[in-house]
Every structure is written in structure tokens, then in C-alpha cells.
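Student: coords_0.cif is reproduced in full below (mmCIF, C-alpha atoms).
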data_model
#
loop_
_atom_site.label_atom_id
_atom_site.label_comp_id
_atom_site.auth_asym_id
_atom_site.auth_seq_id
_atom_site.Cartn_x
_atom_site.Cartn_y
_atom_site.Cartn_z
CA MET A 1 -5.18 53.32 18.38
CA LYS A 2 -1.90 53.57 16.58
CA THR A 3 -1.64 49.78 16.47
CA ASP A 4 -5.14 49.55 14.94
CA SER A 5 -4.13 51.97 12.18
CA ILE A 6 -1.05 49.92 11.40
CA ARG A 7 -3.15 46.72 11.34
CA ARG A 8 -5.62 48.34 8.93
CA ALA A 9 -2.79 49.41 6.65
CA VAL A 10 -1.25 45.94 6.65
CA ARG A 11 -4.64 44.36 5.93
CA PHE A 12 -5.06 46.68 2.96
CA VAL A 13 -1.64 45.90 1.54
CA GLY A 14 -1.89 42.18 2.23
CA LEU A 15 -5.48 41.48 1.24
CA VAL A 16 -6.57 44.11 -1.28
CA LEU A 17 -3.50 44.53 -3.45
CA PRO A 18 -3.17 40.84 -4.28
CA LEU A 19 -6.60 41.05 -5.95
CA THR A 20 -4.93 43.03 -8.70
CA TRP A 21 -2.74 40.00 -9.47
CA ALA A 22 -5.73 37.82 -10.40
CA PRO A 23 -4.95 37.62 -14.15
CA ARG A 24 -1.60 36.02 -13.35
CA ALA A 25 -3.31 33.50 -11.11
CA VAL A 26 -5.75 32.62 -13.88
CA MET A 27 -2.87 32.07 -16.28
CA ALA A 28 -1.38 29.56 -13.86
CA GLN A 29 -4.43 27.26 -14.03
CA GLY A 30 -4.25 23.88 -15.75
CA THR A 31 -5.65 22.48 -18.93
CA ALA A 32 -7.83 19.39 -19.03
CA THR A 33 -8.67 17.43 -22.16
CA CYS A 34 -10.24 14.04 -22.59
CA SER A 35 -11.89 11.80 -25.13
CA SER A 36 -13.39 8.38 -25.52
CA TYR A 37 -14.80 6.17 -28.20
CA GLY A 38 -16.44 2.80 -28.46
CA VAL A 39 -14.88 1.41 -31.62
CA GLY A 40 -12.00 2.71 -33.70
CA VAL A 41 -10.88 1.00 -36.90
CA THR A 42 -7.98 2.06 -39.07
CA THR A 43 -6.94 0.04 -42.12
CA ALA A 44 -5.93 0.89 -45.67
CA THR A 45 -9.59 1.15 -46.64
CA VAL A 46 -11.42 1.91 -43.39
CA ASN A 47 -11.03 4.83 -40.99
CA GLN A 48 -13.91 4.92 -38.53
CA LEU A 49 -14.62 6.09 -35.00
CA LEU A 50 -17.97 4.93 -33.64
CA ALA A 51 -19.51 6.69 -30.65
CA SER A 52 -16.91 9.36 -30.02
CA ALA A 53 -16.89 12.06 -27.36
CA VAL A 54 -14.22 14.76 -27.18
CA VAL A 55 -13.78 17.51 -24.59
CA SER A 56 -11.31 20.23 -25.48
CA ALA A 57 -9.60 22.56 -23.03
CA GLY A 58 -12.11 24.73 -21.19
CA GLU A 59 -15.08 22.52 -22.00
CA LEU A 60 -17.13 20.52 -19.56
CA MET A 61 -18.79 17.51 -21.14
CA ALA A 62 -19.48 15.64 -24.35
CA GLN A 63 -21.30 12.39 -24.97
CA ASP A 64 -22.17 10.17 -27.88
CA GLN A 65 -23.89 6.86 -28.38
CA ALA A 66 -24.18 4.56 -31.32
CA GLY A 67 -26.52 1.76 -30.25
CA ASP A 68 -25.42 -1.34 -32.13
CA VAL A 69 -22.55 -0.88 -34.58
CA ALA A 70 -20.76 -2.94 -37.21
CA VAL A 71 -17.67 -2.56 -39.33
CA PRO A 72 -18.21 -5.51 -41.67
CA GLY A 73 -15.72 -8.33 -41.26
CA LEU A 74 -13.85 -6.53 -38.51
CA VAL A 75 -16.01 -5.76 -35.49
CA THR A 76 -19.56 -5.61 -34.18
CA ALA A 77 -20.62 -4.14 -30.84
CA GLN A 78 -23.84 -3.48 -28.96
CA ASN A 79 -24.95 -0.55 -26.85
CA VAL A 80 -21.97 1.73 -27.34
CA PHE A 81 -21.71 4.84 -25.16
CA ALA A 82 -18.94 7.42 -24.83
CA ILE A 83 -18.86 10.14 -22.17
CA ALA A 84 -16.09 12.69 -21.64
CA ASN A 85 -15.89 15.19 -18.77
CA GLY A 86 -13.49 18.08 -18.43
CA GLY A 87 -13.01 20.55 -15.60
CA GLY A 88 -14.10 23.63 -17.50
CA ASP A 89 -12.16 26.85 -17.26
CA ASP A 90 -9.88 25.78 -14.41
CA GLY A 91 -8.94 22.46 -16.03
CA SER A 92 -7.91 20.47 -12.98
CA ASP A 93 -9.70 17.20 -13.72
CA ALA A 94 -10.74 14.96 -16.58
CA VAL A 95 -12.69 11.71 -16.71
CA SER A 96 -13.76 9.78 -19.77
CA SER A 97 -15.43 6.46 -20.36
CA ALA A 98 -16.49 4.16 -23.16
CA THR A 99 -18.89 1.31 -22.48
CA LEU A 100 -20.01 -1.48 -24.78
CA GLY A 101 -22.24 -4.53 -24.51
CA ALA A 102 -21.45 -7.69 -26.46
CA VAL A 103 -18.44 -7.33 -28.75
CA ASN A 104 -17.33 -9.56 -31.62
CA ILE A 105 -13.98 -8.94 -33.33
CA LEU A 106 -12.78 -10.61 -36.55
CA ASN A 107 -15.76 -12.93 -36.94
CA GLY A 108 -15.61 -14.41 -33.47
CA LEU A 109 -11.84 -14.58 -33.01
CA ILE A 110 -12.26 -12.32 -29.94
CA THR A 111 -15.54 -11.87 -28.09
CA ALA A 112 -16.59 -10.18 -24.86
CA ASP A 113 -19.95 -9.72 -23.15
CA GLY A 114 -19.11 -6.23 -21.98
CA VAL A 115 -16.35 -3.65 -22.07
CA VAL A 116 -15.72 -0.61 -19.88
CA ALA A 117 -12.81 1.74 -20.52
CA MET A 118 -12.37 4.50 -17.97
CA ALA A 119 -9.57 7.06 -17.73
CA THR A 120 -9.20 9.58 -14.91
CA SER A 121 -6.65 12.33 -14.58
CA THR A 122 -6.18 14.93 -11.86
CA VAL A 123 -3.18 17.00 -10.98
CA GLY A 124 -0.51 14.46 -10.03
CA ASP A 125 -2.52 11.31 -10.70
CA ALA A 126 -3.86 9.30 -13.61
CA ASN A 127 -5.50 5.90 -13.52
CA ALA A 128 -7.71 3.46 -15.39
CA GLU A 129 -9.78 2.35 -12.42
CA GLY A 130 -13.27 1.26 -13.38
CA SER A 131 -12.08 -0.36 -16.59
CA SER A 132 -13.15 -3.97 -17.10
CA LEU A 133 -13.84 -6.77 -19.54
CA ALA A 134 -16.65 -9.28 -19.14
CA HIS A 135 -16.40 -12.89 -20.27
CA LEU A 136 -13.47 -12.43 -22.59
CA VAL A 137 -12.90 -15.26 -25.10
CA VAL A 138 -10.04 -15.54 -27.62
CA ASN A 139 -10.19 -18.21 -30.30
CA GLY A 140 -12.70 -20.17 -28.26
CA VAL A 141 -10.72 -20.05 -25.02
CA ASP A 142 -11.86 -18.17 -21.92
CA ILE A 143 -9.38 -15.52 -20.84
CA ASP A 144 -9.01 -13.84 -17.45
CA ASP A 145 -11.59 -11.05 -17.30
CA ASN A 146 -9.11 -8.82 -15.47
CA PRO A 147 -5.99 -8.94 -17.59
CA ALA A 148 -2.98 -7.08 -16.25
CA PRO A 149 -2.21 -3.79 -17.96
CA ASN A 150 -0.70 -4.29 -21.41
CA THR A 151 -1.36 -8.02 -21.68
CA ARG A 152 -0.29 -9.11 -25.18
CA MET A 153 -1.37 -12.23 -27.06
CA ASP A 154 -0.29 -13.27 -30.53
CA LEU A 155 -3.01 -14.04 -33.04
CA ASP A 156 -1.76 -16.48 -35.67
CA GLY A 157 -2.08 -15.11 -39.17
CA VAL A 158 -3.62 -11.88 -37.91
CA GLY A 159 -1.08 -10.04 -35.74
CA TYR A 160 -1.52 -9.57 -32.01
CA VAL A 161 -3.87 -8.13 -29.43
CA VAL A 162 -3.20 -6.07 -26.32
CA PHE A 163 -5.79 -6.21 -23.54
CA ASN A 164 -6.11 -3.41 -21.02
CA GLU A 165 -3.57 -1.36 -22.90
CA GLN A 166 -2.48 1.57 -20.74
CA ILE A 167 -0.39 4.34 -22.24
CA ARG A 168 0.85 6.79 -19.64
CA THR A 169 2.32 10.21 -20.28
CA SER A 170 3.44 12.99 -17.99
CA THR A 171 -0.04 14.53 -18.24
CA GLY A 172 -2.41 11.59 -18.18
CA ILE A 173 -3.42 8.20 -19.46
CA THR A 174 -5.02 6.46 -22.42
CA VAL A 175 -6.61 3.06 -21.95
CA ASN A 176 -7.62 0.78 -24.82
CA MET A 177 -9.36 -2.28 -23.43
CA ILE A 178 -8.94 -4.31 -26.63
CA HIS A 179 -6.36 -3.25 -29.21
CA VAL A 180 -5.88 -5.58 -32.16
CA VAL A 181 -2.87 -4.85 -34.32
CA LEU A 182 -3.34 -6.27 -37.81
CA GLN A 183 -0.12 -7.41 -39.44
CA GLN A 184 0.97 -8.95 -42.73
CA ASN A 185 4.18 -10.69 -43.60
CA VAL A 186 5.44 -9.53 -46.96
CA LEU A 187 8.65 -11.04 -48.25
CA GLY A 188 9.79 -11.87 -44.74
CA VAL A 189 9.03 -8.43 -43.38
CA THR A 190 6.20 -7.99 -40.88
CA ARG A 191 4.17 -4.89 -41.56
CA THR A 192 1.36 -3.34 -39.56
CA THR A 193 -1.69 -2.95 -41.78
CA GLY A 194 -4.29 -1.72 -39.34
CA HIS A 195 -5.67 -1.29 -35.84
CA ILE A 196 -8.95 -2.23 -34.19
CA ARG A 197 -9.52 -0.56 -30.83
CA VAL A 198 -12.57 -1.39 -28.74
CA GLY A 199 -13.26 0.66 -25.63
CA SER A 200 -10.88 3.59 -25.57
CA ALA A 201 -10.68 6.38 -22.99
CA SER A 202 -8.14 9.12 -22.52
CA ALA A 203 -7.76 11.83 -19.87
CA LYS A 204 -5.08 14.48 -19.53
CA VAL A 205 -4.40 17.36 -17.15
CA SER A 206 -1.44 19.64 -17.65
CA MET B 207 20.36 29.46 -7.31
CA SER B 208 18.75 27.68 -4.38
CA LYS B 209 19.86 30.52 -2.09
CA LEU B 210 18.10 32.98 -4.36
CA LYS B 211 14.90 30.90 -4.13
CA LEU B 212 15.23 30.90 -0.36
CA LEU B 213 15.59 34.66 -0.29
CA ALA B 214 12.63 35.07 -2.63
CA GLY B 215 10.46 33.13 -0.20
CA ILE B 216 11.19 35.41 2.74
CA PRO B 217 8.94 38.32 1.67
CA ALA B 218 6.05 35.91 1.18
CA THR B 219 6.56 34.44 4.63
CA VAL B 220 6.73 37.90 6.17
CA THR B 221 3.57 38.93 4.31
CA VAL B 222 1.62 35.94 5.57
CA ALA B 223 2.80 36.56 9.10
CA LEU B 224 1.82 40.24 8.95
CA ILE B 225 -1.64 39.49 7.54
CA GLY B 226 -2.18 36.92 10.25
CA TRP B 227 -1.19 39.43 12.90
CA SER B 228 -3.44 42.10 11.40
CA CYS B 229 -6.55 39.92 11.60
CA GLU B 230 -7.95 39.94 15.09
CA THR B 231 -8.73 36.64 16.71
CA ASN B 232 -12.40 35.64 16.75
CA ARG B 233 -12.60 35.06 20.46
CA THR B 234 -16.26 34.06 20.39
CA ALA B 235 -15.80 31.20 17.93
CA LEU B 236 -17.05 27.86 19.20
CA ALA B 237 -14.94 24.74 19.04
CA PRO B 238 -16.14 22.26 16.39
CA PRO B 239 -18.28 19.44 17.77
CA ALA B 240 -16.49 16.19 18.44
CA GLY B 241 -17.24 13.23 16.17
CA GLY B 242 -18.76 13.13 12.71
CA PRO B 243 -22.36 13.76 11.76
CA LEU B 244 -24.76 10.86 11.93
CA PHE B 245 -26.67 11.95 8.86
CA HIS B 246 -25.60 13.72 5.71
CA PHE B 247 -27.07 16.06 3.13
CA GLN B 248 -29.48 17.62 5.62
CA GLN B 249 -27.97 21.09 5.90
CA PHE B 250 -27.19 23.33 2.97
CA GLU B 251 -25.88 26.72 2.03
CA CYS B 252 -26.38 28.61 -1.20
CA THR B 253 -22.94 29.53 -2.43
CA PRO B 254 -21.00 29.72 -5.70
CA LEU B 255 -19.80 26.23 -6.63
CA LYS B 256 -18.88 23.90 -9.40
CA MET B 257 -18.75 20.08 -9.42
CA THR B 258 -17.38 18.18 -12.41
CA GLY B 259 -16.33 14.71 -13.48
CA GLY B 260 -17.83 11.31 -14.04
CA GLY B 261 -17.38 7.73 -13.08
CA ARG B 262 -18.67 4.27 -12.44
CA ILE B 263 -20.70 2.82 -9.60
CA ASP B 264 -21.12 -0.90 -9.03
CA TYR B 265 -24.57 -1.06 -7.55
CA PRO B 266 -25.66 -3.29 -5.98
CA PRO B 267 -23.84 -3.99 -3.67
CA GLY B 268 -22.44 -0.47 -3.64
CA THR B 269 -19.03 -1.19 -2.26
CA ARG B 270 -15.70 0.06 -3.47
CA ASP B 271 -14.91 -3.38 -4.90
CA LYS B 272 -16.05 -3.92 -8.43
CA ASN B 273 -18.63 -6.57 -9.10
CA PRO B 274 -17.42 -9.43 -11.28
CA PRO B 275 -17.32 -7.88 -14.76
CA ALA B 276 -19.56 -10.55 -16.22
CA SER B 277 -22.33 -9.50 -13.86
CA HIS B 278 -22.91 -6.19 -15.67
CA GLU B 279 -24.05 -4.77 -12.35
CA TYR B 280 -22.84 -1.24 -12.76
CA GLU B 281 -23.70 2.25 -13.88
CA THR B 282 -21.55 4.85 -15.64
CA PHE B 283 -22.13 8.57 -15.82
CA GLY B 284 -20.87 12.04 -16.56
CA ALA B 285 -22.19 15.04 -14.66
CA HIS B 286 -21.45 18.62 -13.79
CA VAL B 287 -23.19 21.58 -12.22
CA ILE B 288 -22.32 25.24 -11.83
CA ALA B 289 -24.04 27.71 -9.51
CA SER B 290 -23.36 31.27 -8.49
CA GLY B 291 -25.20 31.26 -5.17
CA GLN B 292 -28.39 32.98 -6.31
CA VAL B 293 -31.68 32.29 -4.52
CA ASP B 294 -35.07 32.74 -6.19
CA GLU B 295 -38.25 34.07 -4.55
CA ASN B 296 -39.15 30.55 -3.36
CA GLY B 297 -35.87 30.12 -1.58
CA THR B 298 -34.48 27.71 -4.17
CA CYS B 299 -30.75 27.89 -4.70
CA LEU B 300 -30.48 28.22 -8.45
CA ALA B 301 -28.08 26.40 -10.74
CA ASP B 302 -26.54 28.37 -13.59
CA LYS B 303 -26.07 25.31 -15.74
CA GLY B 304 -25.34 21.64 -15.61
CA ALA B 305 -25.55 18.30 -17.34
CA LEU B 306 -26.10 14.66 -16.52
CA GLU B 307 -25.66 11.59 -18.68
CA TRP B 308 -26.42 8.36 -16.86
CA VAL B 309 -26.29 4.80 -18.19
CA ASP B 310 -27.45 1.82 -16.11
CA HIS B 311 -25.89 -1.32 -17.58
CA ARG B 312 -27.72 -3.81 -15.38
CA PRO B 313 -29.56 -6.35 -17.57
CA GLU B 314 -32.65 -6.10 -15.38
CA MET B 315 -32.79 -2.36 -16.06
CA GLU B 316 -32.73 -2.65 -19.84
CA VAL B 317 -35.50 -0.88 -21.72
CA ASN B 318 -36.28 -2.04 -25.25
CA GLY B 319 -33.12 -4.15 -25.24
CA HIS B 320 -30.80 -1.28 -24.37
CA PRO B 321 -29.30 0.02 -21.11
CA LEU B 322 -31.41 2.59 -19.27
CA ASN B 323 -30.12 5.98 -20.39
CA LEU B 324 -31.08 9.15 -18.52
CA HIS B 325 -30.27 12.56 -19.97
CA ALA B 326 -30.76 15.81 -18.08
CA THR B 327 -32.64 18.42 -20.07
CA GLU B 328 -32.44 21.10 -17.39
CA VAL B 329 -30.50 21.60 -14.18
CA THR B 330 -32.40 23.94 -11.90
CA PHE B 331 -30.94 23.86 -8.41
CA ALA B 332 -27.63 23.28 -6.66
CA GLU B 333 -26.82 23.72 -3.00
CA ARG B 334 -23.71 22.93 -1.06
CA ALA B 335 -24.16 20.39 1.71
CA THR B 336 -22.41 21.55 4.84
CA ASP B 337 -22.96 18.42 6.90
CA ALA B 338 -21.65 15.72 4.57
CA SER B 339 -18.36 14.04 5.42
CA CYS B 340 -16.88 14.76 2.00
CA SER B 341 -13.49 16.33 2.55
CA ASP B 342 -13.43 18.56 -0.52
CA GLY B 343 -17.11 19.36 -0.93
CA ALA B 344 -20.61 17.99 -1.35
CA VAL B 345 -23.46 19.21 -3.51
CA HIS B 346 -27.15 18.36 -3.75
CA TRP B 347 -28.48 19.30 -7.16
CA GLY B 348 -31.05 18.35 -9.75
CA GLY B 349 -33.61 19.35 -12.35
CA LYS B 350 -35.44 17.63 -15.17
CA LEU B 351 -34.42 14.67 -17.31
CA ARG B 352 -35.53 12.51 -20.19
CA VAL B 353 -35.46 8.72 -20.43
CA GLN B 354 -33.71 8.32 -23.75
CA ASN B 355 -35.03 4.79 -24.28
CA THR B 356 -38.69 5.83 -24.16
CA GLY B 357 -38.72 9.58 -24.73
CA GLN B 358 -40.44 10.09 -21.38
CA GLU B 359 -39.40 13.57 -20.22
CA ASN B 360 -39.82 16.40 -17.73
CA LEU B 361 -39.07 13.95 -14.95
CA ASP B 362 -37.70 15.47 -11.75
CA PHE B 363 -34.35 14.16 -10.64
CA GLU B 364 -31.92 14.91 -7.86
CA VAL B 365 -28.39 13.78 -7.19
CA TRP B 366 -26.12 13.72 -4.15
CA ASP B 367 -22.58 14.43 -5.11
CA CYS B 368 -19.51 13.92 -2.91
CA ASP B 369 -15.86 14.86 -3.53
CA ASN B 370 -13.99 13.07 -0.81
CA GLY B 371 -10.35 13.71 -1.76
CA GLU B 372 -8.18 12.88 -4.71
CA PRO B 373 -7.99 11.10 -7.03
CA GLY B 374 -11.59 9.91 -6.63
CA ARG B 375 -11.40 6.51 -5.00
CA ASP B 376 -13.39 7.75 -2.01
CA ASP B 377 -15.85 9.94 -3.88
CA GLY B 378 -19.55 9.23 -3.97
CA PHE B 379 -22.64 9.81 -6.07
CA ALA B 380 -26.33 8.95 -5.85
CA ILE B 381 -29.38 9.63 -8.01
CA SER B 382 -33.13 9.48 -7.65
CA VAL B 383 -35.90 9.86 -10.23
CA PRO B 384 -39.02 9.47 -8.08
CA GLU B 385 -41.63 9.51 -10.85
CA ILE B 386 -40.29 6.29 -12.33
CA GLY B 387 -39.22 4.83 -9.00
CA TYR B 388 -35.56 4.78 -9.98
CA THR B 389 -32.88 5.23 -7.37
CA VAL B 390 -29.22 4.34 -6.99
CA GLN B 391 -28.49 5.18 -3.38
CA CYS B 392 -26.40 3.61 -0.63
CA TRP B 393 -27.31 3.76 3.02
CA GLU B 394 -25.40 2.60 6.03
CA PRO B 395 -25.23 0.01 7.47
CA ASP B 396 -26.27 -2.10 4.49
CA TYR B 397 -23.82 -0.49 2.13
CA ASN B 398 -20.42 1.01 2.55
CA THR B 399 -20.82 4.67 1.66
CA PRO B 400 -18.79 7.88 1.85
CA ALA B 401 -21.82 9.94 2.93
CA GLU B 402 -25.40 8.73 2.80
CA PRO B 403 -27.00 8.36 0.36
CA THR B 404 -24.01 8.38 -1.99
CA CYS B 405 -22.38 5.20 -3.28
CA TYR B 406 -18.63 4.83 -3.67
CA LEU B 407 -17.28 5.35 -7.16
CA THR B 408 -15.48 2.29 -8.49
CA GLY B 409 -13.82 4.40 -11.16
CA GLY B 410 -13.65 8.04 -12.16
CA ASN B 411 -13.63 11.16 -10.04
CA ARG B 412 -15.83 13.92 -8.68
CA GLN B 413 -14.14 17.29 -8.47
CA PHE B 414 -15.49 20.07 -6.31
CA HIS B 415 -14.46 23.61 -7.22
CA PRO B 416 -15.40 26.02 -4.41
CA THR B 417 -15.58 29.00 -6.74
CA HIS B 418 -15.47 29.43 -10.46
#
Just give me the structure as C-alpha cells.
Tutor:
Amino acid sequence: MKTDSIRRAVRFVGLVLPLTWAPRAVMAQGTATCSSYGVGVTTATVNQLLASAVVSAGELMAQDQAGDVAVPGLVTAQNVFAIANGGGDDGSDAVSSATLGAVNILNGLITADGVVAMATSTVGDANAEGSSLAHLVVNGVDIDDNPAPNTRMDLDGVGYVVFNEQIRTSTGITVNMIHVVLQQNVLGVTRTTGHIRVGSASAKVS
Amino acid sequence: MSKLKLLAGIPATVTVALIGWSCETNRTALAPPAGGPLFHFQQFECTPLKMTGGGRIDYPPGTRDKNPPASHEYETFGAHVIASGQVDENGTCLADKGALEWVDHRPEMEVNGHPLNLHATEVTFAERATDASCSDGAVHWGGKLRVQNTGQENLDFEVWDCDNGEPGRDDGFAISVPEIGYTVQCWEPDYNTPAEPTCYLTGGNRQFHPTH
């Protein structure tokens, strides 16, 4: 009988009192953010994001689509979708994706039949699995459809391109499946004049 | 400093031990059955839950390996559902809210020259599957959706949703929209699957949150 009373008392102290600490536990939860877009162009005269989805901390999902898009002289793309998914109020996971059909960059200098950018972040892990390029062609030459992360190619007179660009941080990952860096040589100095990103996804959990 | 941390951990250890001692053993509990279930998503309980995330499935053939990218044989999606374990008068386990955005990129599924795009307009039910071999949690949920390409709406849909550990490589997802005869489901032995009828994700993650 005495033992039962002691057990009841311990149960009360051990199980009921911790409930009063809940606000501290809530404060310890993570934050998830993510975003994706189909096409992003930044130059001196153009600043455009086409099909863009952004999930802020505490939110669950955003999506956007742009059908067929064109930034004249720079990029065209078909069937552009962006989807971003957060974990809501406990912020432990984030997944975002951007998908495109046929893509044409700089009047045929770079083409692809399809692009998928996918970024996933959970506590302790971030990856770009699910990302892919279909029938990638640069200057008329077929390129490996599965380029290694951060594969760079120079583009004469234009600048350079990075395929499957993966930028990792302590909280997550950003993947840009095609990132063209526009450059100009002025008086012997190479200057960056713009960026074209096609298929971009980012996911972070902190 | 490390000694201080060690000392700080002692009260916690003692507390756990005392709580364990204070809870009487359930002497009538049965041992779990040996072996895994032969079928999945047959038994459910109505309980508070949340499932979030998104991903990619390469279907067909529904394996973990991606199809060749040029094949365009894949689907991408975002989806979440939240339920608080409430049952209506018909016995349906109600969903509090949810969303589904589904894009099927297969050329043969194009409608009016664009990928098939399904958009949930209402998520009505969500129940936790207790028999699916999904280590972190499995949910069967659904509601109504619209085919964005055609405007056809109020179509019933259901999904089978499997969180099978982190970071998502073993997770699964499946969808059915019976009124238009659309399904992306994987069944053993034809397809490798985490829990029938779900198909392995080839990217992304499903995240089960037991409570919210």
C-alpha cells in the first residue's frame, strides 16, 4: 500500500509536471524554409523570376506554374511548375521542386528536353536527389544527361555555365540545374553582367 | 565543463528510472507477431497526425532507380494533410486541412499539350494505417480534386502515404482518381515498393508527424 502511494507520487512528479514545460519544448523546434522557381534572369535590364513558389517558416505549401515562358533573347521554357513544401509549425522538413519541359537558352546555345530540380532538407541531411536533365545539348554537342554536381563549362564570348550546381550550407541545399553566368571583358577585366538560372530549388531546416 | 554536463545528466537519468519503476508492467500484453504483414493499408486508426513533404516518382517502372531523364517517365508532387482524430457520424476520420499538387510529366499523359496537373480542392479524410511497413508512419487520405488542364472538378481522390525513415529514400506515395481512371500505384511483385500500393520516391521526402 505504501509502495503504491510512493509510485503514484513519482508518476505525478515525473509525468504531470513536465507538461508545464511545454512552451520551452515548442521553442526548441526547428525552422523550415524552402523555395523554387523555373526561370530566373538577372541582368542590367532584366530581373525576372518565372513560376516561383516560396514557403516561409511555419508554412506548409506553395505552388506556381507559368505554362510556356520567354525572356526574349535569353531563355524560353515550356510547362514550368514550382512546388515548395515546408513542415509547418514544427519545421523539421522541407522539399521543393522546379520542373520544366523543353528549354532553350541564348537562342539555342544550350537546350534541354526537360529539367527537374529537387531539394530536400531534414534535420541532419540535405540532398538534391530527384534532380535531372534530359537530352542536354551545348553548342550543338550532346552532353551527359547526369552531370556531376557543379560541372562547369566555358561558353566562348558569353561566360560560363554550371550544370547541376549544388550549394550546400549548414542548414540545407540549393540546386540550380542550369546556371549561366554572363560575362563581359572590358579593358582586360572580366566582369559578370548577369545570371540565367533554369530549374532552381532550395530547402533549409535549422 | 564536461564534468558539469555529466552531473547535469544524472537527475534526468534518475527521473527516467523512477518513472519506469512507477509504471506497472502490463503483464497481459501479447508478443508482437513474427514476420511482416502480407498486405498494407488495410487497418486504420483515427488519431491526430500530420504528413508533409513532396517528391518525385518514376513510374513506370516504379523502382528506386530513376528512369533515363530523356524518357520523361516521372511525376512530381507536393502534399500535406493534418487531422486531429475526429470521427463524423458516418465513421469517417476527418481531415482538418490538406493540399495536393500533382504533375504527371509522362508525354502519354499530356492533356492539351501540357502535363496532367491535379489540384486538390478539398481534403476530407485522413486515417493512420497501422499495418503498413513504414517505419515512421503511414496515412491514407483524400478528398476532392480538379484537373487543371480541363477544369473537370469534384473528382474523388485518395492517396497512400508512407514515411519509411529519413531522409526519404525509402518513402512511398500512391494516388488514385477513379472517376478518370488515373492511378499511380505499385504492387508487389511487379514493382519494388515500400508498402503496397505506394511507389518509392526517387527524390524528395515524406515526413510523418505523430502529433501537431
Student: Taking all atoms listed in the file into account, which of B:Thr408, B:Ser382, B:Ser290, B:Asn360 comes nearest Ser132 of chain A?
Tutor: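 Going through B:Thr408, B:Ser382, B:Ser290, B:Asn360 one by one, the smallest distance to Ser132 of chain A is for B:Thr408.
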Student: Output the residue selection produced by the PyMOL selection byres ((chain B and resi 313-319) around 10) on the file above, formatted as a list in words.
Tutor: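 Selected by the PyMOL selection byres ((chain B and resi 313-319) around 10) here: Asn79 of chain A; Ser277, His278, Glu279, Tyr280, Val309, Asp310, His311, Arg312, His320, Pro321, Leu322, Asn323, Val353, Gln354, Asn355, Thr356 and Tyr388 of chain B.
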Student: List the residues selected by the PyMOL selection byres ((chain A and resi 102-110) around 8) in the file shown, writing them as a compact mmCIF listing (two decimals) with C-alpha atoms, in the frame of the given file.
Tutor:
# COMPACT_ATOMS: atom_id res chain seq x y z
CA GLY A 73 -15.72 -8.33 -41.26
CA LEU A 74 -13.85 -6.53 -38.51
CA VAL A 75 -16.01 -5.76 -35.49
CA THR A 76 -19.56 -5.61 -34.18
CA ALA A 77 -20.62 -4.14 -30.84
CA GLN A 78 -23.84 -3.48 -28.96
CA ASN A 79 -24.95 -0.55 -26.85
CA LEU A 100 -20.01 -1.48 -24.78
CA GLY A 101 -22.24 -4.53 -24.51
CA THR A 111 -15.54 -11.87 -28.09
CA ALA A 112 -16.59 -10.18 -24.86
CA ASP A 113 -19.95 -9.72 -23.15
CA GLY A 114 -19.11 -6.23 -21.98
CA VAL A 115 -16.35 -3.65 -22.07
CA LEU A 136 -13.47 -12.43 -22.59
CA VAL A 137 -12.90 -15.26 -25.10
CA VAL A 138 -10.04 -15.54 -27.62
CA ASN A 139 -10.19 -18.21 -30.30
CA GLY A 140 -12.70 -20.17 -28.26
Student: Could you tell me, as an MDAnalysis selection string, exactly which residues end up selected when the PyMOL selection byres ((chain A and resi 170-180) around 7) is applied to this structure?
Tutor: chainID A and resid 117 119 121 126:128 160:169 181:182 195:206
Student: Quick check, in Å to one decimal: how far apart do atom CA of Gly86 of chain A and atom CA of Thr258 of chain B lie?
Tutor: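 Separation between atom CA of Gly86 of chain A and atom CA of Thr258 of chain B: 7.2 Å.
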Student: What are the residues of chain B lining chain A at 10 Å or less? Count only C-alpha atoms, and put the answer as a compact mmCIF listing (two decimals) with C-alpha atoms, keeping the file's coordinate frame.
Tutor:
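Result file follows (out_25.txt):
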# COMPACT_ATOMS: atom_id res chain seq x y z
CA THR B 221 3.57 38.93 4.31
CA VAL B 222 1.62 35.94 5.57
CA LEU B 224 1.82 40.24 8.95
CA ILE B 225 -1.64 39.49 7.54
CA GLY B 226 -2.18 36.92 10.25
CA TRP B 227 -1.19 39.43 12.90
CA SER B 228 -3.44 42.10 11.40
CA CYS B 229 -6.55 39.92 11.60
CA GLU B 230 -7.95 39.94 15.09
CA LYS B 256 -18.88 23.90 -9.40
CA MET B 257 -18.75 20.08 -9.42
CA THR B 258 -17.38 18.18 -12.41
CA GLY B 259 -16.33 14.71 -13.48
CA GLY B 260 -17.83 11.31 -14.04
CA GLY B 261 -17.38 7.73 -13.08
CA ARG B 262 -18.67 4.27 -12.44
CA ILE B 263 -20.70 2.82 -9.60
CA ASP B 264 -21.12 -0.90 -9.03
CA ASP B 271 -14.91 -3.38 -4.90
CA LYS B 272 -16.05 -3.92 -8.43
CA PRO B 274 -17.42 -9.43 -11.28
CA PRO B 275 -17.32 -7.88 -14.76
CA ALA B 276 -19.56 -10.55 -16.22
CA SER B 277 -22.33 -9.50 -13.86
CA HIS B 278 -22.91 -6.19 -15.67
CA TYR B 280 -22.84 -1.24 -12.76
CA GLU B 281 -23.70 2.25 -13.88
CA THR B 282 -21.55 4.85 -15.64
CA PHE B 283 -22.13 8.57 -15.82
CA GLY B 284 -20.87 12.04 -16.56
CA ALA B 285 -22.19 15.04 -14.66
CA HIS B 286 -21.45 18.62 -13.79
CA VAL B 287 -23.19 21.58 -12.22
CA GLY B 304 -25.34 21.64 -15.61
CA ALA B 305 -25.55 18.30 -17.34
CA LEU B 306 -26.10 14.66 -16.52
CA GLU B 307 -25.66 11.59 -18.68
CA TRP B 308 -26.42 8.36 -16.86
CA VAL B 309 -26.29 4.80 -18.19
CA HIS B 311 -25.89 -1.32 -17.58
CA GLY B 319 -33.12 -4.15 -25.24
CA HIS B 320 -30.80 -1.28 -24.37
CA PRO B 321 -29.30 0.02 -21.11
CA ASN B 323 -30.12 5.98 -20.39
CA GLU B 372 -8.18 12.88 -4.71
CA PRO B 373 -7.99 11.10 -7.03
CA GLY B 374 -11.59 9.91 -6.63
CA ARG B 375 -11.40 6.51 -5.00
CA LEU B 407 -17.28 5.35 -7.16
CA THR B 408 -15.48 2.29 -8.49
CA GLY B 409 -13.82 4.40 -11.16
CA GLY B 410 -13.65 8.04 -12.16
CA ASN B 411 -13.63 11.16 -10.04
CA ARG B 412 -15.83 13.92 -8.68
CA GLN B 413 -14.14 17.29 -8.47
CA PHE B 414 -15.49 20.07 -6.31
CA HIS B 415 -14.46 23.61 -7.22
CA HIS B 418 -15.47 29.43 -10.46
Student: Could you tell me how far atom CA of Glu385 of chain B lies from atom CA of Lys350 of chain B, in Å and to one decimal?
Tutor: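 It comes out at 11.1 Å.
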Student: How far is it from atom CA of His346 of chain B to atom CA of Thr404 of chain B, in Å with one decimal?
Tutor: 10.6 Å
Student: Residues around (-22.6, 29.9, -5.4), cut-off 10 Å, counting all atoms listed in the file - what are they as a ChimeraX atom specification?
Tutor: /B:251-256,288-293,299-302,332-334,416-418
